[in-house]
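Coordinates from my_file32.cif are shown below (mmCIF, C-alpha atoms).
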data_start
loop_
_atom_site.label_atom_id
_atom_site.label_comp_id
_atom_site.auth_asym_id
_atom_site.auth_seq_id
_atom_site.Cartn_x
_atom_site.Cartn_y
_atom_site.Cartn_z
CA MET A 1 126.41 -46.66 84.59
CA SER A 2 122.87 -45.75 85.67
CA SER A 3 120.21 -48.27 86.74
CA ALA A 4 118.29 -47.44 83.57
CA ASP A 5 121.36 -48.31 81.53
CA ASN A 6 121.71 -51.59 83.45
CA ASP A 7 118.06 -52.39 82.78
CA SER A 8 118.40 -51.64 79.06
CA ARG A 9 121.56 -53.78 78.88
CA ALA A 10 119.78 -56.67 80.65
CA ASP A 11 116.83 -56.42 78.26
CA PHE A 12 119.22 -56.21 75.34
CA ASP A 13 121.21 -59.28 76.39
CA GLN A 14 117.98 -61.22 76.88
CA ARG A 15 116.90 -60.35 73.34
CA CYS A 16 120.31 -61.36 72.02
CA THR A 17 119.85 -64.87 73.38
CA SER A 18 116.26 -65.20 72.16
CA LYS A 19 115.29 -67.61 69.41
CA SER A 20 114.55 -64.70 67.06
CA LEU A 21 118.28 -63.93 66.72
CA GLN A 22 119.63 -67.50 66.82
CA HIS A 23 123.19 -66.26 67.28
CA ARG A 24 125.33 -63.51 68.84
CA ARG A 25 127.70 -62.85 65.96
CA VAL A 26 128.94 -59.26 65.66
CA VAL A 27 131.25 -57.42 63.25
CA VAL A 28 133.45 -54.85 65.02
CA GLY A 29 135.31 -52.02 63.30
CA LEU A 30 138.88 -52.26 64.62
CA SER A 31 141.00 -49.17 63.97
CA GLY A 32 144.21 -49.85 65.86
CA GLY A 33 143.23 -47.50 68.68
CA VAL A 34 142.35 -48.24 72.27
CA ASP A 35 138.62 -47.46 72.00
CA SER A 36 137.74 -49.97 69.28
CA ALA A 37 139.99 -52.57 70.93
CA VAL A 38 138.17 -52.24 74.26
CA ALA A 39 134.81 -52.36 72.46
CA ALA A 40 135.84 -55.66 70.85
CA ALA A 41 137.21 -57.04 74.13
CA SER A 42 134.03 -56.08 75.96
CA LEU A 43 131.89 -57.97 73.45
CA VAL A 44 134.15 -61.03 73.68
CA ALA A 45 133.80 -60.91 77.48
CA GLN A 46 130.01 -60.80 77.09
CA GLY A 47 130.06 -63.96 75.02
CA TYR A 48 129.58 -62.55 71.55
CA ASP A 49 131.05 -64.24 68.48
CA VAL A 50 133.25 -61.32 67.42
CA HIS A 51 134.72 -60.77 63.95
CA ALA A 52 136.94 -57.70 63.43
CA VAL A 53 137.27 -55.60 60.27
CA THR A 54 139.85 -52.91 59.56
CA LEU A 55 139.00 -50.27 56.98
CA ASP A 56 141.81 -48.99 54.76
CA THR A 57 140.64 -45.51 53.79
CA TRP A 58 143.75 -43.49 52.98
CA LYS A 59 147.14 -43.75 51.35
CA ALA A 60 149.31 -46.32 53.07
CA GLY A 61 151.98 -44.72 55.23
CA LYS A 62 153.81 -45.36 58.47
CA ALA A 63 150.83 -44.34 60.62
CA GLU A 64 148.38 -46.47 58.64
CA ASN A 65 150.69 -49.50 58.63
CA LYS A 66 151.18 -49.14 62.41
CA SER A 67 147.41 -48.96 62.95
CA LEU A 68 146.87 -52.11 60.89
CA SER A 69 149.61 -53.94 62.81
CA LEU A 70 148.07 -52.89 66.13
CA ALA A 71 144.61 -53.99 65.01
CA ARG A 72 145.96 -57.40 64.07
CA ALA A 73 147.79 -57.65 67.39
CA VAL A 74 144.53 -56.90 69.23
CA ALA A 75 142.74 -59.60 67.23
CA ILE A 76 145.46 -62.11 68.13
CA GLN A 77 145.24 -61.16 71.80
CA LEU A 78 141.45 -61.58 71.78
CA ARG A 79 141.57 -64.70 69.60
CA ILE A 80 139.12 -63.30 67.07
CA SER A 81 139.21 -63.29 63.28
CA ILE A 82 140.16 -60.11 61.43
CA SER A 83 139.81 -59.02 57.82
CA GLN A 84 140.69 -55.87 55.90
CA ARG A 85 138.57 -53.87 53.46
CA ASP A 86 140.21 -51.55 50.93
CA LEU A 87 138.03 -48.41 50.76
CA ARG A 88 140.66 -46.00 49.48
CA HIS A 89 138.98 -45.27 46.15
CA GLN A 90 135.51 -44.85 47.66
CA PHE A 91 136.94 -42.71 50.47
CA HIS A 92 138.70 -40.40 48.03
CA GLU A 93 135.68 -40.02 45.75
CA ARG A 94 132.92 -39.81 48.36
CA ILE A 95 134.64 -38.13 51.30
CA VAL A 96 137.88 -36.35 50.34
CA LYS A 97 136.65 -34.73 47.13
CA PRO A 98 133.43 -33.36 48.68
CA PHE A 99 135.47 -32.13 51.67
CA ALA A 100 137.82 -30.21 49.36
CA GLY A 101 134.93 -28.97 47.25
CA ALA A 102 133.14 -27.60 50.31
CA TYR A 103 136.22 -25.63 51.34
CA ALA A 104 136.54 -24.34 47.77
CA ARG A 105 132.96 -23.01 48.08
CA GLY A 106 133.74 -21.14 51.30
CA GLN A 107 132.34 -23.69 53.74
CA THR A 108 133.76 -25.42 56.82
CA PRO A 109 132.88 -29.10 56.34
CA ASN A 110 133.03 -31.99 58.79
CA PRO A 111 133.81 -35.10 56.70
CA CYS A 112 133.24 -37.56 59.58
CA ILE A 113 129.54 -36.67 59.52
CA PHE A 114 129.15 -38.33 56.12
CA CYS A 115 131.96 -40.89 56.29
CA ASN A 116 130.39 -42.66 59.27
CA PRO A 117 127.01 -43.59 57.75
CA ASP A 118 127.91 -43.63 54.05
CA LEU A 119 131.16 -45.55 54.21
CA LYS A 120 132.29 -46.98 57.56
CA PHE A 121 129.00 -48.22 59.01
CA ALA A 122 127.74 -49.21 55.56
CA THR A 123 130.82 -51.40 55.08
CA LEU A 124 130.39 -53.02 58.50
CA LEU A 125 126.81 -53.87 57.54
CA GLU A 126 127.97 -55.37 54.24
CA VAL A 127 130.45 -57.60 56.04
CA ALA A 128 127.85 -58.53 58.66
CA ASN A 129 125.39 -59.56 55.96
CA ALA A 130 128.06 -61.57 54.18
CA ILE A 131 128.96 -63.64 57.26
CA GLY A 132 125.47 -63.82 58.75
CA ALA A 133 126.14 -61.52 61.71
CA ALA A 134 123.16 -59.96 63.46
CA TRP A 135 125.13 -57.02 64.83
CA ILE A 136 127.79 -54.43 64.08
CA ALA A 137 129.77 -52.49 66.69
CA THR A 138 132.26 -49.63 66.99
CA GLY A 139 134.22 -47.89 69.74
CA HIS A 140 132.25 -44.64 69.58
CA TYR A 141 131.35 -42.96 72.86
CA THR A 142 127.58 -42.93 72.42
CA ARG A 143 124.73 -44.99 73.85
CA VAL A 144 122.22 -46.89 71.73
CA VAL A 145 118.94 -48.12 73.18
CA HIS A 146 116.90 -50.88 71.51
CA ALA A 147 113.23 -51.51 72.28
CA ASP A 148 110.97 -54.06 70.59
CA GLY A 149 108.48 -52.45 68.26
CA LYS A 150 109.99 -48.97 68.63
CA PRO A 151 112.76 -47.09 66.82
CA SER A 152 116.24 -47.49 68.27
CA ARG A 153 117.50 -44.37 70.03
CA LEU A 154 120.89 -42.68 70.37
CA LEU A 155 121.84 -41.05 73.69
CA ARG A 156 124.83 -38.97 74.65
CA ALA A 157 127.67 -40.92 76.25
CA CYS A 158 128.03 -41.18 80.02
CA ALA A 159 131.53 -39.76 79.54
CA GLU A 160 130.23 -36.33 78.50
CA SER A 161 133.66 -34.96 77.56
CA LYS A 162 134.15 -37.85 75.10
CA ASP A 163 130.62 -37.93 73.65
CA GLN A 164 130.60 -38.60 69.88
CA SER A 165 126.87 -38.62 69.19
CA TYR A 166 127.29 -35.41 67.14
CA ALA A 167 129.21 -37.36 64.50
CA LEU A 168 126.55 -40.08 64.24
CA TYR A 169 123.41 -38.03 63.67
CA ARG A 170 122.97 -39.27 60.09
CA LEU A 171 122.70 -42.94 61.05
CA THR A 172 119.38 -44.49 60.03
CA GLN A 173 117.16 -47.10 61.66
CA PRO A 174 118.30 -50.04 59.44
CA CYS A 175 121.80 -49.43 60.83
CA LEU A 176 120.84 -48.47 64.38
CA ARG A 177 118.69 -51.58 64.91
CA ARG A 178 121.82 -53.70 64.46
CA LEU A 179 124.30 -51.45 66.28
CA LEU A 180 126.12 -52.09 69.57
CA LEU A 181 128.15 -49.33 71.25
CA PRO A 182 129.97 -50.90 74.23
CA LEU A 183 131.71 -47.68 75.33
CA GLY A 184 128.56 -45.59 75.71
CA GLY A 185 128.21 -46.46 79.38
CA VAL A 186 131.80 -45.98 80.53
CA GLU A 187 132.49 -42.96 82.70
CA SER A 188 135.83 -41.77 81.29
CA LYS A 189 138.71 -42.41 78.90
CA ALA A 190 140.78 -43.37 81.95
CA GLU A 191 138.34 -46.22 82.58
CA VAL A 192 138.75 -47.40 78.99
CA ARG A 193 142.54 -47.46 79.33
CA ARG A 194 142.23 -49.33 82.63
CA MET A 195 140.07 -51.96 80.90
CA ALA A 196 142.59 -52.18 78.07
CA ARG A 197 145.41 -52.87 80.54
CA GLN A 198 143.27 -55.43 82.34
CA TRP A 199 142.77 -57.31 79.06
CA GLN A 200 146.46 -56.77 78.16
CA LEU A 201 145.57 -55.11 74.87
CA PRO A 202 148.56 -53.83 72.86
CA THR A 203 146.76 -50.52 72.21
CA ALA A 204 146.27 -49.64 75.90
CA GLU A 205 148.60 -46.64 75.64
CA ALA A 206 147.84 -45.70 72.01
CA ASN A 207 147.35 -42.01 71.27
CA ASP A 208 143.88 -40.71 70.50
CA SER A 209 143.12 -40.44 66.79
CA GLN A 210 142.94 -36.99 65.14
CA ASP A 211 139.65 -35.58 63.88
CA LEU A 212 140.72 -35.47 60.23
CA CYS A 213 142.18 -38.91 59.67
CA PHE A 214 143.37 -38.15 56.15
CA VAL A 215 145.18 -34.86 56.55
CA SER A 216 147.22 -32.98 59.14
CA THR A 217 145.92 -29.72 60.57
CA GLU A 218 148.65 -27.82 58.73
CA GLY A 219 148.09 -29.50 55.40
CA TYR A 220 144.37 -29.37 54.58
CA ALA A 221 144.68 -26.19 52.48
CA GLU A 222 147.28 -27.86 50.27
CA LEU A 223 145.02 -30.90 49.90
CA VAL A 224 142.14 -28.65 48.84
CA ALA A 225 144.40 -26.86 46.37
CA SER A 226 145.55 -30.15 44.83
CA LEU A 227 141.94 -30.85 43.83
CA TYR A 228 140.67 -27.29 43.43
CA PRO A 229 143.71 -25.11 42.60
CA ARG A 230 141.72 -21.86 42.48
CA ALA A 231 140.74 -22.32 46.13
CA LEU A 232 144.08 -20.75 47.04
CA ASP A 233 143.81 -17.83 44.63
CA PRO A 234 144.44 -14.54 46.48
CA GLY A 235 141.65 -12.00 46.71
CA PRO A 236 140.46 -8.91 48.56
CA ILE A 237 139.56 -8.61 52.24
CA TYR A 238 136.71 -6.19 52.97
CA ASP A 239 135.57 -4.83 56.31
CA GLU A 240 131.93 -4.34 57.32
CA THR A 241 131.76 -0.98 55.49
CA GLY A 242 132.89 -2.48 52.19
CA MET A 243 136.36 -0.95 52.35
CA GLN A 244 139.25 -3.16 51.24
CA VAL A 245 141.60 -3.67 54.18
CA GLY A 246 143.93 -6.33 52.85
CA GLU A 247 144.39 -9.37 50.62
CA HIS A 248 143.76 -12.99 51.57
CA HIS A 249 145.84 -15.99 50.45
CA GLY A 250 143.04 -18.29 49.35
CA LEU A 251 139.62 -18.79 50.97
CA ALA A 252 140.46 -22.39 51.83
CA ARG A 253 142.88 -21.10 54.47
CA TYR A 254 140.16 -19.40 56.55
CA THR A 255 137.01 -20.22 58.48
CA VAL A 256 134.14 -18.20 59.92
CA GLY A 257 135.03 -16.84 63.36
CA GLN A 258 138.80 -16.91 62.78
CA ARG A 259 140.82 -13.98 64.17
CA ARG A 260 144.45 -15.04 64.25
CA GLY A 261 146.35 -15.45 61.02
CA VAL A 262 144.10 -13.25 58.90
CA GLY A 263 147.00 -10.87 58.28
CA ILE A 264 145.35 -7.49 58.74
CA ALA A 265 147.04 -4.59 60.51
CA SER A 266 144.22 -2.95 62.46
CA PRO A 267 143.88 -1.22 65.85
CA ARG A 268 140.73 -3.29 66.53
CA ARG A 269 140.10 -7.01 66.58
CA LEU A 270 138.65 -8.22 63.30
CA TYR A 271 137.12 -11.65 62.74
CA VAL A 272 136.26 -13.56 59.58
CA ILE A 273 132.55 -12.93 59.07
CA GLN A 274 132.01 -14.48 55.63
CA LEU A 275 133.86 -16.44 52.97
CA ASP A 276 132.40 -15.06 49.74
CA SER A 277 133.44 -17.69 47.21
CA VAL A 278 131.36 -16.11 44.40
CA ASN A 279 133.57 -13.00 44.50
CA ASN A 280 136.63 -14.72 46.03
CA ALA A 281 136.47 -12.21 48.86
CA LEU A 282 137.00 -12.46 52.59
CA ARG A 283 134.75 -10.28 54.73
CA VAL A 284 135.82 -9.31 58.23
CA GLY A 285 134.34 -7.29 61.05
CA PRO A 286 133.95 -6.96 64.82
CA ARG A 287 132.95 -9.95 66.93
CA ALA A 288 129.40 -8.62 67.27
CA LEU A 289 128.78 -9.35 63.57
CA LEU A 290 129.47 -13.05 64.17
CA LYS A 291 126.33 -13.41 66.28
CA ARG A 292 123.30 -14.92 64.58
CA GLN A 293 119.75 -15.28 65.79
CA SER A 294 118.90 -18.01 63.27
CA CYS A 295 120.17 -20.24 60.48
CA TYR A 296 118.87 -22.75 57.97
CA LEU A 297 119.56 -26.46 57.70
CA ARG A 298 119.69 -28.57 54.55
CA ASP A 299 119.70 -32.35 54.20
CA VAL A 300 117.95 -32.76 57.55
CA THR A 301 117.67 -36.28 58.97
CA PHE A 302 116.08 -37.64 62.15
CA ILE A 303 117.14 -40.73 64.08
CA SER A 304 113.58 -42.03 64.39
CA GLY A 305 112.90 -41.38 60.70
CA GLU A 306 110.66 -38.37 61.28
CA PRO A 307 110.73 -35.07 63.23
CA PRO A 308 109.03 -34.80 66.63
CA ASP A 309 106.67 -32.20 65.11
CA ASP A 310 106.55 -29.60 62.34
CA THR A 311 107.79 -27.08 64.92
CA PHE A 312 109.50 -28.16 68.13
CA GLU A 313 111.94 -27.02 70.80
CA ALA A 314 115.27 -28.74 71.33
CA LEU A 315 118.89 -28.27 72.33
CA GLY A 316 121.26 -27.58 69.45
CA ARG A 317 125.01 -28.07 69.01
CA ILE A 318 126.35 -25.88 66.19
CA ARG A 319 129.72 -27.65 65.89
CA TYR A 320 131.59 -30.55 67.43
CA ARG A 321 132.20 -29.92 71.16
CA ALA A 322 130.18 -26.67 71.12
CA PRO A 323 127.93 -26.22 74.18
CA LEU A 324 124.26 -27.12 73.81
CA THR A 325 121.94 -24.16 73.32
CA PRO A 326 118.11 -23.95 73.30
CA VAL A 327 116.60 -23.65 69.81
CA GLN A 328 113.25 -23.70 68.06
CA VAL A 329 113.12 -25.78 64.89
CA THR A 330 110.61 -25.48 62.04
CA VAL A 331 110.80 -28.27 59.46
CA ASN A 332 109.82 -27.55 55.86
CA GLU A 333 108.57 -29.88 53.12
CA SER A 334 111.78 -29.69 51.05
CA GLY A 335 113.86 -31.60 53.62
CA GLY A 336 115.26 -28.52 55.32
CA ALA A 337 114.56 -26.57 58.48
CA THR A 338 114.76 -23.12 60.03
CA VAL A 339 116.49 -22.92 63.41
CA ARG A 340 116.03 -19.96 65.75
CA PHE A 341 118.40 -19.56 68.68
CA VAL A 342 117.00 -18.47 72.04
CA SER A 343 120.34 -16.71 72.60
CA PRO A 344 122.36 -15.43 69.60
CA GLN A 345 125.20 -17.78 68.63
CA THR A 346 128.70 -16.87 67.51
CA ALA A 347 130.48 -18.26 64.42
CA VAL A 348 127.65 -20.29 62.91
CA ALA A 349 129.63 -21.71 59.98
CA PRO A 350 128.08 -22.91 56.68
CA GLY A 351 129.06 -26.52 56.01
CA GLN A 352 129.15 -27.51 59.67
CA SER A 353 126.31 -29.56 61.09
CA LEU A 354 123.79 -28.46 63.68
CA VAL A 355 122.73 -31.48 65.75
CA LEU A 356 119.56 -31.55 67.84
CA TYR A 357 118.92 -33.13 71.24
CA HIS A 358 116.04 -33.59 73.66
CA GLY A 359 117.69 -34.08 77.03
CA GLU A 360 120.20 -36.90 76.59
CA GLU A 361 118.54 -38.19 73.42
CA MET A 362 119.91 -37.16 70.05
CA LEU A 363 117.10 -36.35 67.61
CA GLY A 364 118.94 -35.67 64.35
CA GLY A 365 120.32 -32.66 62.54
CA GLY A 366 121.31 -31.05 59.27
CA VAL A 367 124.00 -29.07 57.47
CA ILE A 368 124.14 -25.34 58.25
CA SER A 369 123.33 -22.82 55.54
CA LEU A 370 122.89 -19.09 56.05
CA GLU A 371 120.39 -18.76 53.21
CA PRO A 372 117.17 -20.72 52.62
CA ASN A 373 117.23 -23.21 49.72
CA ASN A 374 120.83 -22.29 48.94
CA THR A 375 121.99 -24.49 46.06
CA HIS A 376 125.46 -22.90 45.88
CA ASP A 377 126.67 -24.62 49.05
CA ARG A 378 125.58 -28.12 48.06
CA PRO A 379 128.15 -30.80 47.22
#
Before anything else, please render the file you have as structure tokens.
Amino acid sequence: MSSADNDSRADFDQRCTSKSLQHRRVVVGLSGGVDSAVAAASLVAQGYDVHAVTLDTWKAGKAENKSLSLARAVAIQLRISISQRDLRHQFHERIVKPFAGAYARGQTPNPCIFCNPDLKFATLLEVANAIGAAWIATGHYTRVVHADGKPSRLLRACAESKDQSYALYRLTQPCLRRLLLPLGGVESKAEVRRMARQWQLPTAEANDSQDLCFVSTEGYAELVASLYPRALDPGPIYDETGMQVGEHHGLARYTVGQRRGVGIASPRRLYVIQLDSVNNALRVGPRALLKRQSCYLRDVTFISGEPPDDTFEALGRIRYRAPLTPVQVTVNESGGATVRFVSPQTAVAPGQSLVLYHGEEMLGGGVISLEPNNTHDRP
């Protein structure tokens, strides 16, 4: 942890003990994994009054029951209270259905982007308000910096390979001002597991959670089809000249940039260039056609509540774990933005989010669209 991080933590702890807060009660989201368990243990060690909450978001099964049992075991080990919130209906209506609908419209959505602020963090805040807690906390690998009289800021994690700031870009100041992220300053996942063993947490060797918590990698197309059956209707595959070169097995089975599994016999490598849901057609072509010099963003949000300027330079991440690339952003009055890439980017996929950074600080972001003011790709 850097000296600046130590200074911000010292200032933060001093504010936590000030008369203005009156208490150090915090509500922690406990998932049954090692990260959230170490976050809770770290706060207990710092003297916080910790209350854990598990969020039931999907159909109960062996994995979900095991996670709940582990979360309860962690709470017992740490001697903290734990409660459970049933969010299955809200999760299905507000996260799963829009996810399936986006795939049915030829997009590549990231449901965590909306689940975090709209459901998980919102529920933690509800519980915190109900029990009079000043703070909420999670096990995300991201740093939050609080400063009196200024907006709270989100920074990339010290463990760069584990950084999860991308998934939190839609958090707003009312949430951020009350947020603690104990794992933001750790250097690696190995350090987190070492801390878990030191505190004898039952999740010390737990596997990392998967990106899509509600569906396996092999099964998302079937989930989409269960809600939008026509998403798996077969249709034509066209190359860049407009010639039909094959038949696809449902647009929900493909994503922009995909090469393997397209099912085309061709002497050259062909990539998915576009999912044309209006005509139920898949368009393929050489890799060069995947490169884009610009894109549009809809539903743009900024961590501070406003953009740095009407036009500004930043670093952009076009999908989770993608490398940062220099961009120029022009914000428009309708809540969108135009993004121009300094170097052309490959596989810029509608439905994914483009997240913006200035150095280590995360500025905000929006949902990628390839056409300005495109209403077809909205939820």
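If you measure from each of A:His358, A:Arg340, A:Leu70, A:Glu333 to Leu201 (chain A) using all atoms listed in the file, the closest one turns out to be A:Leu70.
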Q: Enumerate, as a ChimeraX atom specification, the residues matched when the PyMOL selection byres ((chain A and resi 144) around 12) is run on the file above.
A: /A:5,8-9,12,137-138,140-143,145-147,151-158,164-165,168,171,173,175-185,303,360-362
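A straight line drawn from CA of Thr255 (chain A) to CA of Ala231 (chain A) is 13.1 Å long.
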Q | Pick from A:Gln352, A:Gln200, A:Asn280, A:Ser369 nearest to Pro111 (chain A), counting all atoms listed in the file | A | A:Gln352
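Minimum atom-to-atom distances from A:Asn116, A:Gly366, A:Asp49, A:Asp208 to Lys189 (chain A) were compared using only C-alpha atoms, and the lowest value belongs to A:Asp208.
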Q: Show which residues sit within 12 Å of region 89-92 of chain A, as a VMD selection string. Count all atoms listed in the file, and ignore same-chain residues fewer than 6 positions away.
A: chain A and resid 55 to 59 98 to 100 111 to 112 114 to 116 118 to 120 122 to 123 213 to 214 223 227
Need a file for region 176-192 of chain A from that block: N, CA and C atoms, written as a compact mmCIF listing (two decimals), in the first residue's frame.
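Okay, decode31.txt is ready:
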# COMPACT_ATOMS: atom_id res chain seq x y z
N LEU A 176 -21.42 6.02 -2.84
CA LEU A 176 -19.96 6.08 -2.64
C LEU A 176 -19.57 6.74 -1.33
N ARG A 177 -20.32 7.76 -0.91
CA ARG A 177 -19.97 8.47 0.32
C ARG A 177 -20.06 7.57 1.55
N ARG A 178 -20.76 6.44 1.42
CA ARG A 178 -20.93 5.54 2.56
C ARG A 178 -20.24 4.19 2.32
N LEU A 179 -19.37 4.13 1.34
CA LEU A 179 -18.80 2.85 0.92
C LEU A 179 -17.38 2.66 1.44
N LEU A 180 -17.11 1.46 1.95
CA LEU A 180 -15.77 1.03 2.33
C LEU A 180 -15.39 -0.17 1.46
N LEU A 181 -14.15 -0.17 0.97
CA LEU A 181 -13.65 -1.26 0.13
C LEU A 181 -12.31 -1.73 0.68
N PRO A 182 -12.34 -2.61 1.68
CA PRO A 182 -11.10 -3.00 2.39
C PRO A 182 -10.05 -3.68 1.53
N LEU A 183 -10.43 -4.28 0.39
CA LEU A 183 -9.45 -5.02 -0.41
C LEU A 183 -8.77 -4.17 -1.46
N GLY A 184 -9.15 -2.91 -1.57
CA GLY A 184 -8.57 -2.07 -2.62
C GLY A 184 -7.07 -1.89 -2.50
N GLY A 185 -6.55 -1.96 -1.29
CA GLY A 185 -5.13 -1.71 -1.08
C GLY A 185 -4.26 -2.95 -1.02
N VAL A 186 -4.85 -4.15 -1.09
CA VAL A 186 -4.03 -5.36 -1.03
C VAL A 186 -3.31 -5.55 -2.36
N GLU A 187 -2.18 -6.24 -2.32
CA GLU A 187 -1.34 -6.34 -3.51
C GLU A 187 -1.68 -7.52 -4.41
N SER A 188 -2.34 -8.56 -3.87
CA SER A 188 -2.60 -9.74 -4.68
C SER A 188 -3.68 -10.61 -4.03
N LYS A 189 -4.23 -11.54 -4.83
CA LYS A 189 -5.18 -12.51 -4.29
C LYS A 189 -4.48 -13.44 -3.30
N ALA A 190 -3.21 -13.71 -3.53
CA ALA A 190 -2.45 -14.55 -2.59
C ALA A 190 -2.41 -13.91 -1.21
N GLU A 191 -2.29 -12.58 -1.17
CA GLU A 191 -2.30 -11.89 0.12
C GLU A 191 -3.65 -12.03 0.81
N VAL A 192 -4.72 -11.97 0.03
CA VAL A 192 -6.06 -12.13 0.60
C VAL A 192 -6.22 -13.52 1.20
